$ cat data.tsv   # TSV, C-alpha atoms
chain	number	residue	atom	x	y	z
H	1	ILE	CA	-20.76	-15.19	-5.09
H	2	GLY	CA	-18.88	-13.00	-2.64
H	3	ILE	CA	-15.78	-15.18	-2.24
H	4	PRO	CA	-12.71	-13.32	-3.57
H	5	ALA	CA	-10.16	-16.06	-2.94
H	6	MET	CA	-9.91	-19.66	-1.77
H	7	GLU	CA	-7.59	-22.59	-1.20
H	8	LEU	CA	-8.56	-25.36	-3.59
H	9	GLY	CA	-8.41	-28.88	-2.19
H	10	TRP	CA	-7.53	-32.19	-3.79
H	11	ASN	CA	-10.99	-33.41	-2.82
H	12	HIS	CA	-12.51	-30.72	-5.04
H	13	ILE	CA	-10.80	-32.22	-8.09
H	14	GLU	CA	-9.70	-35.84	-7.67
H	15	PRO	CA	-12.23	-38.62	-8.37
H	16	PRO	CA	-14.05	-39.96	-5.27
H	17	HIS	CA	-14.55	-43.56	-4.21
H	18	VAL	CA	-11.73	-45.13	-6.23
H	19	SER	CA	-9.03	-47.59	-5.21
H	20	ARG	CA	-5.49	-46.50	-4.35
H	21	ASP	CA	-4.17	-47.86	-7.65
H	22	GLU	CA	-6.94	-46.13	-9.61
H	23	MET	CA	-6.17	-42.84	-7.87
H	24	ARG	CA	-2.47	-43.17	-8.63
H	25	ASN	CA	-3.24	-43.89	-12.28
H	26	TRP	CA	-5.52	-40.84	-12.46
H	27	ARG	CA	-2.82	-38.58	-11.04
H	28	LEU	CA	-0.26	-39.83	-13.53
H	29	THR	CA	-2.49	-39.61	-16.60
H	30	VAL	CA	-4.93	-36.71	-16.14
H	31	PRO	CA	-4.09	-33.91	-18.63
H	32	LEU	CA	-2.78	-30.72	-17.05
H	33	GLU	CA	-5.30	-28.93	-19.23
H	34	GLU	CA	-7.96	-30.13	-16.76
H	35	PHE	CA	-6.33	-28.05	-14.01
H	36	GLN	CA	-5.89	-25.10	-16.37
H	37	ARG	CA	-9.60	-25.35	-17.21
H	38	ILE	CA	-10.46	-25.24	-13.51
H	39	ARG	CA	-8.22	-22.19	-13.10
H	40	ARG	CA	-10.04	-20.39	-15.94
H	41	LYS	CA	-13.42	-21.30	-14.44
H	42	PHE	CA	-12.55	-19.77	-11.06
H	43	LYS	CA	-11.03	-16.70	-12.72
H	44	ALA	CA	-14.23	-16.16	-14.72
H	45	ALA	CA	-16.16	-16.28	-11.43
H	46	GLY	CA	-13.87	-13.64	-9.91
H	47	ILE	CA	-12.27	-16.08	-7.45
H	48	ARG	CA	-8.50	-16.25	-7.09
H	49	ILE	CA	-7.02	-19.63	-6.18
H	50	VAL	CA	-4.34	-18.88	-3.59
H	51	GLY	CA	-3.17	-22.42	-2.82
H	52	TYR	CA	-3.62	-26.08	-3.61
H	53	SER	CA	-4.17	-28.54	-0.76
H	54	ALA	CA	-2.87	-32.06	-1.39
H	55	THR	CA	-2.29	-35.07	0.86
H	56	LEU	CA	1.33	-35.89	0.04
H	57	ARG	CA	1.59	-38.93	2.28
H	58	LYS	CA	4.35	-41.54	2.54
H	59	ASP	CA	2.63	-43.84	0.05
H	60	PHE	CA	3.03	-41.28	-2.75
H	61	THR	CA	5.46	-42.34	-5.44
H	62	ASP	CA	8.02	-39.87	-6.76
H	63	GLU	CA	5.94	-39.62	-9.93
H	64	GLU	CA	2.84	-38.68	-7.93
H	65	ILE	CA	4.77	-36.01	-6.05
H	66	GLU	CA	6.06	-34.53	-9.31
H	67	ARG	CA	2.57	-34.47	-10.80
H	68	THR	CA	1.13	-32.79	-7.70
H	69	PHE	CA	3.56	-29.92	-8.14
H	70	GLN	CA	2.60	-29.74	-11.81
H	71	PHE	CA	-1.08	-29.60	-10.81
H	72	ALA	CA	-0.39	-26.63	-8.53
H	73	ALA	CA	1.53	-24.82	-11.26
H	74	ALA	CA	-1.32	-25.42	-13.73
H	75	LEU	CA	-3.72	-23.88	-11.20
H	76	GLY	CA	-1.49	-20.80	-11.13
H	77	VAL	CA	-0.58	-20.98	-7.45
H	78	ASN	CA	2.79	-20.83	-5.74
H	79	THR	CA	1.81	-22.69	-2.54
H	80	ILE	CA	0.85	-26.28	-1.77
H	81	THR	CA	-0.59	-27.03	1.67
H	82	THR	CA	-0.43	-30.61	2.80
H	83	SER	CA	-1.47	-32.88	5.67
H	84	THR	CA	1.63	-35.00	5.23
H	85	ASN	CA	4.09	-36.86	7.43
H	86	VAL	CA	7.00	-35.14	9.15
H	87	SER	CA	9.39	-37.57	7.47
H	88	MET	CA	8.14	-36.48	4.03
H	89	ALA	CA	9.86	-33.09	4.34
H	90	GLU	CA	13.13	-34.56	3.07
H	91	ARG	CA	11.44	-35.97	-0.05
H	92	LEU	CA	9.35	-32.89	-0.79
H	93	ASP	CA	12.09	-30.29	-0.46
H	94	PRO	CA	13.83	-31.02	-3.80
H	95	TYR	CA	10.51	-30.76	-5.66
H	96	ALA	CA	9.72	-27.47	-3.93
H	97	VAL	CA	13.09	-26.09	-4.99
H	98	LYS	CA	12.75	-27.43	-8.54
H	99	HIS	CA	9.31	-25.89	-9.06
H	100	LYS	CA	9.96	-22.81	-6.89
H	101	MET	CA	6.80	-23.78	-5.05
H	102	ARG	CA	6.19	-23.16	-1.35
H	103	VAL	CA	4.96	-26.12	0.72
H	104	GLY	CA	3.02	-25.45	3.92
H	105	PHE	CA	2.80	-28.32	6.40
H	106	HIS	CA	-0.66	-28.60	7.96
H	107	ASN	CA	-1.09	-29.69	11.57
H	108	HIS	CA	-3.74	-31.74	13.34
H	109	SER	CA	-4.42	-32.25	17.05
H	110	ARG	CA	-4.10	-36.00	17.61
H	111	PHE	CA	-0.69	-37.02	18.88
H	112	LYS	CA	0.66	-39.67	16.51
H	113	ALA	CA	4.15	-40.58	15.40
H	114	ASP	CA	5.38	-38.82	12.24
H	115	GLU	CA	2.44	-36.36	12.21
H	116	PHE	CA	2.43	-32.57	12.53
H	117	VAL	CA	1.04	-31.66	15.95
H	118	ARG	CA	3.72	-30.06	18.13
H	119	PRO	CA	6.02	-27.09	17.50
H	120	GLU	CA	8.88	-29.63	17.56
H	121	ASP	CA	7.34	-31.42	14.56
H	122	PHE	CA	7.53	-28.25	12.47
H	123	ALA	CA	11.08	-27.64	13.68
H	124	ALA	CA	12.12	-31.16	12.67
H	125	ALA	CA	10.63	-30.77	9.19
H	126	LEU	CA	12.03	-27.32	8.48
H	127	GLY	CA	15.46	-27.64	10.05
H	128	GLY	CA	18.24	-27.64	7.45
H	129	ARG	CA	15.80	-27.48	4.54
H	130	SER	CA	15.15	-24.85	1.88
H	131	ASP	CA	13.11	-21.72	2.48
H	132	TYR	CA	10.38	-23.11	0.23
H	133	LEU	CA	9.18	-25.31	3.10
H	134	GLY	CA	6.97	-23.65	5.69
H	135	ILE	CA	3.81	-23.96	7.73
H	136	ASN	CA	0.08	-23.98	7.08
H	137	LEU	CA	-0.98	-23.49	10.70
H	138	ASP	CA	-4.42	-24.67	11.76
H	139	ILE	CA	-4.93	-22.54	14.85
H	140	GLY	CA	-7.94	-24.53	16.03
H	141	HIS	CA	-6.13	-27.87	15.98
H	142	PHE	CA	-3.06	-26.23	17.55
H	143	THR	CA	-5.21	-24.99	20.43
H	144	ALA	CA	-6.95	-28.35	20.88
H	145	ALA	CA	-3.52	-30.00	21.15
H	146	GLY	CA	-2.63	-27.70	24.04
H	147	PHE	CA	-0.45	-25.09	22.30
H	148	ASP	CA	-0.72	-21.32	21.89
H	149	PRO	CA	-1.13	-20.38	18.21
H	150	ALA	CA	-0.76	-16.64	18.81
H	151	ASP	CA	2.59	-17.12	20.52
H	152	PHE	CA	3.70	-19.57	17.83
H	153	ILE	CA	2.79	-17.10	15.08
H	154	ARG	CA	4.72	-14.36	16.84
H	155	GLN	CA	7.83	-16.53	16.95
H	156	HIS	CA	7.60	-18.21	13.55
H	157	HIS	CA	5.59	-15.86	11.31
H	158	ALA	CA	8.39	-15.74	8.71
H	159	ARG	CA	7.82	-19.43	7.87
H	160	ILE	CA	4.02	-19.46	8.06
H	161	TRP	CA	2.57	-19.38	4.54
H	162	SER	CA	-1.10	-19.49	5.54
H	163	LEU	CA	-3.53	-20.08	8.39
H	164	HIS	CA	-6.59	-22.28	8.72
H	165	LEU	CA	-9.01	-20.54	11.06
H	166	LYS	CA	-11.35	-22.44	13.32
H	167	ASP	CA	-12.34	-22.28	16.96
H	168	ARG	CA	-11.89	-25.34	19.16
H	169	LYS	CA	-11.83	-26.20	22.82
H	170	ARG	CA	-8.58	-27.20	24.49
H	171	ASN	CA	-7.72	-30.79	25.42
H	172	GLN	CA	-8.88	-32.27	22.10
H	173	GLY	CA	-12.19	-30.45	22.46
H	174	PRO	CA	-14.76	-30.14	19.69
H	175	ASP	CA	-15.10	-27.46	17.06
H	176	ALA	CA	-16.97	-24.42	18.32
H	177	VAL	CA	-18.76	-21.40	16.94
H	178	PHE	CA	-16.26	-18.56	16.47
H	179	GLY	CA	-15.78	-16.87	19.83
H	180	GLU	CA	-17.09	-19.77	21.91
H	181	GLY	CA	-13.98	-21.98	21.90
H	182	ASP	CA	-10.52	-21.50	23.39
H	183	THR	CA	-8.67	-20.49	20.22
H	184	PRO	CA	-7.27	-16.94	20.60
H	185	LEU	CA	-8.88	-15.73	17.37
H	186	ARG	CA	-8.86	-12.07	18.37
H	187	GLU	CA	-5.15	-12.07	19.13
H	188	VAL	CA	-4.38	-13.78	15.84
H	189	LEU	CA	-6.56	-11.54	13.68
H	190	LEU	CA	-5.66	-8.26	15.34
H	191	LEU	CA	-2.05	-7.35	14.66
H	192	LEU	CA	-0.39	-5.35	17.41
H	193	THR	CA	2.87	-4.01	16.08
H	194	GLU	CA	5.91	-2.40	17.65
H	195	MET	CA	6.99	-1.12	14.20
H	196	ARG	CA	5.86	2.49	13.94
H	197	GLY	CA	6.09	2.52	10.15
H	198	ALA	CA	3.86	-0.51	9.65
H	199	ASP	CA	1.54	0.12	6.72
H	200	ARG	CA	-1.36	-2.08	5.63
H	201	ALA	CA	-0.95	-1.13	1.98
H	202	GLU	CA	2.63	-2.42	2.03
H	203	LEU	CA	1.60	-5.60	3.85
H	204	THR	CA	-1.13	-6.13	1.24
H	205	ARG	CA	1.32	-5.55	-1.61
H	206	GLN	CA	3.75	-8.09	-0.18
H	207	ALA	CA	0.96	-10.60	0.46
H	208	ARG	CA	-0.23	-10.36	-3.15
H	209	ALA	CA	3.33	-10.74	-4.44
H	210	MET	CA	3.56	-13.96	-2.42
H	211	GLY	CA	0.22	-15.22	-3.76
H	212	VAL	CA	-1.49	-14.75	-0.40
H	213	SER	CA	-5.10	-13.62	-0.21
H	214	ASP	CA	-5.89	-10.13	1.08
H	215	LEU	CA	-8.03	-11.93	3.66
H	216	MET	CA	-4.82	-13.00	5.42
H	217	VAL	CA	-3.70	-9.39	5.95
H	218	PRO	CA	-4.80	-7.91	9.31
H	219	ARG	CA	-7.44	-5.29	8.61
H	220	ARG	CA	-6.26	-2.92	11.31
H	221	LEU	CA	-2.80	-2.08	12.60
H	222	LEU	CA	-2.41	-0.50	16.02
H	223	TYR	CA	1.00	0.88	16.95
H	224	ILE	CA	2.22	0.42	20.52
H	225	PRO	CA	5.71	1.16	21.88
H	226	SER	CA	6.20	-2.39	23.16
H	227	LEU	CA	4.17	-5.54	23.67
H	228	PRO	CA	3.32	-6.41	27.28
H	229	LEU	CA	5.09	-9.58	28.37
H	230	LEU	CA	4.61	-12.14	31.11
H	231	GLY	CA	7.44	-13.12	33.43
H	232	SER	CA	8.12	-16.05	31.10
H	233	GLY	CA	8.82	-13.67	28.24
H	234	LYS	CA	5.65	-14.63	26.35
H	235	VAL	CA	3.11	-12.02	25.28
H	236	ASP	CA	0.56	-11.12	27.95
H	237	TYR	CA	-2.48	-11.35	25.66
H	238	PRO	CA	-5.14	-10.12	28.11
H	239	ALA	CA	-2.96	-7.06	28.79
H	240	ALA	CA	-2.35	-6.67	25.04
H	241	ARG	CA	-6.10	-6.73	24.43
H	242	ARG	CA	-6.70	-4.03	27.03
H	243	LEU	CA	-3.87	-1.96	25.58
H	244	ALA	CA	-5.28	-2.36	22.07
H	245	GLU	CA	-8.65	-1.13	23.24
H	246	ARG	CA	-7.07	1.97	24.80
H	247	VAL	CA	-5.01	2.67	21.67
H	248	ASP	CA	-8.09	2.16	19.53
H	249	VAL	CA	-10.15	4.61	21.59
H	250	ALA	CA	-7.33	7.17	21.44
H	251	GLU	CA	-7.02	6.80	17.64
H	252	ASP	CA	-10.78	7.19	17.18
H	253	ALA	CA	-10.76	10.33	19.32
H	254	GLU	CA	-7.88	11.75	17.30
H	255	ALA	CA	-9.65	10.88	14.05
H	256	ASP	CA	-12.82	12.60	15.25
H	257	ALA	CA	-10.81	15.70	16.06
H	258	ASP	CA	-9.40	15.65	12.53
H	259	GLY	CA	-12.88	15.42	11.08
H	260	GLY	CA	-13.23	11.78	10.13
H	261	PRO	CA	-12.27	8.14	10.70
H	262	ARG	CA	-8.89	6.78	9.67
H	263	TRP	CA	-9.85	4.07	7.27
H	264	GLY	CA	-7.94	3.00	4.20
H	265	SER	CA	-4.39	2.09	3.32
H	266	GLY	CA	-2.40	3.91	5.96
H	267	GLY	CA	-0.85	2.51	9.10
H	268	GLY	CA	-3.71	3.82	11.23
H	269	ALA	CA	-6.46	1.48	10.27
H	270	SER	CA	-8.65	-0.74	8.24
H	271	ALA	CA	-10.44	-3.10	10.55
H	272	PRO	CA	-13.15	-3.40	13.12
H	273	PRO	CA	-11.54	-2.63	16.48
H	274	PRO	CA	-11.71	-5.10	19.36
H	275	ARG	CA	-14.87	-4.31	21.33
$ encode --input "data.tsv" --output "structure tokens"
Amino acid sequence: IGIPAMELGWNHIEPPHVSRDEMRNWRLTVPLEEFQRIRRKFKAAGIRIVGYSATLRKDFTDEEIERTFQFAAALGVNTITTSTNVSMAERLDPYAVKHKMRVGFHNHSRFKADEFVRPEDFAAALGGRSDYLGINLDIGHFTAAGFDPADFIRQHHARIWSLHLKDRKRNQGPDAVFGEGDTPLREVLLLLTEMRGADRAELTRQARAMGVSDLMVPRRLLYIPSLPLLGSGKVDYPAARRLAERVDVAEDAEADADGGPRWGSGGGASAPPPR
């Protein structure tokens, strides 16, 4: 059907319209074979499940948490993404370590106590905890809450397990068609690197080893000597975009001189340039 990989959500599997007690009972009694069957079904369709999304909220019992990690393992994934509470990080960390399962905390845009919205919320959850805990950054919600996802990714990429891509307007604005909101999608999707040896094939290999979809690997790498910065020390993204366009034009001209475009696994390319 043209979808090579996906994050499978709890709402795709758990029974709808049941009481809290009925849902808890289902989680504690459903055979793991049901999740293994789902895994085989997706594999037969040529779709790789790259993560399991579960709402591990404060009302989860320890038994429900344990079973959720078992569900993810039965699906064959190594990452759980969750719209949970900041205070749940302490409870979830031991399970992540036990199952060697990464947990990515998902953010929303509404400012509420004990919810993931601000950079400080991620810092509070990850501080002093194992390396299995990380971030599932929703760049649309992050923008709507008034933060810069591109700058956050640049600073914290080592702890970001996955991204949810959407375009939204700032100041709690609505969802928008890609390119019509305020989310810096271009800056997020186009990787500008100061590492001359950056190679997309190696990035893809590492992503697959981590259970991350190829879709999360930037399709084109453009080498520049240094990223342009503002006086505050943050990346000057308009200047970076202009620089990327100049580098892209120069690479295309060089490729034409060599007799063909530079597409494929090398560090020179593999994505539509920013036009």
$ closest_atom_pairs --input "data.tsv" --of "segment 144-245 of chain H" --to "segment 121-124 of chain H" --cutoff "12 Å" --atoms "all atoms listed in the file" --output "CSV"
residue,atom,partner,partner_atom,distance
H:Phe152,CA,H:Phe122,CA,10.9
H:His156,CA,H:Ala123,CA,10.1
H:Arg159,CA,H:Phe122,CA,10.0
H:Ile160,CA,H:Phe122,CA,10.4
$ residues_around --input "data.tsv" --residues "Ile3 of chain H" --least-positions-apart "4" --cutoff "9 Å" --atoms "all atoms listed in the file" --output "VMD selection string"
chain H and resid 46 to 48
$ closest_residue --input "data.tsv" --among "H:Thr143, H:Thr183, H:Ser130, H:Gln36" --to "Arg118 of chain H" --atoms "all atoms listed in the file"
H:Thr143
$ atom_distance --input "data.tsv" --atom1 "atom CA of Lys234 of chain H" --atom2 "atom CA of Pro218 of chain H"
21.1 Å
$ atom_distance --input "data.tsv" --atom1 "atom CA of Glu245 of chain H" --atom2 "atom CA of Asp182 of chain H"
20.5 Å
$ residues_around --input "data.tsv" --residues "Arg154 of chain H" --least-positions-apart "4" --cutoff "9 Å" --atoms "only C-alpha atoms" --output "list in words"
Pro149, Ala150 and Val235 of chain H
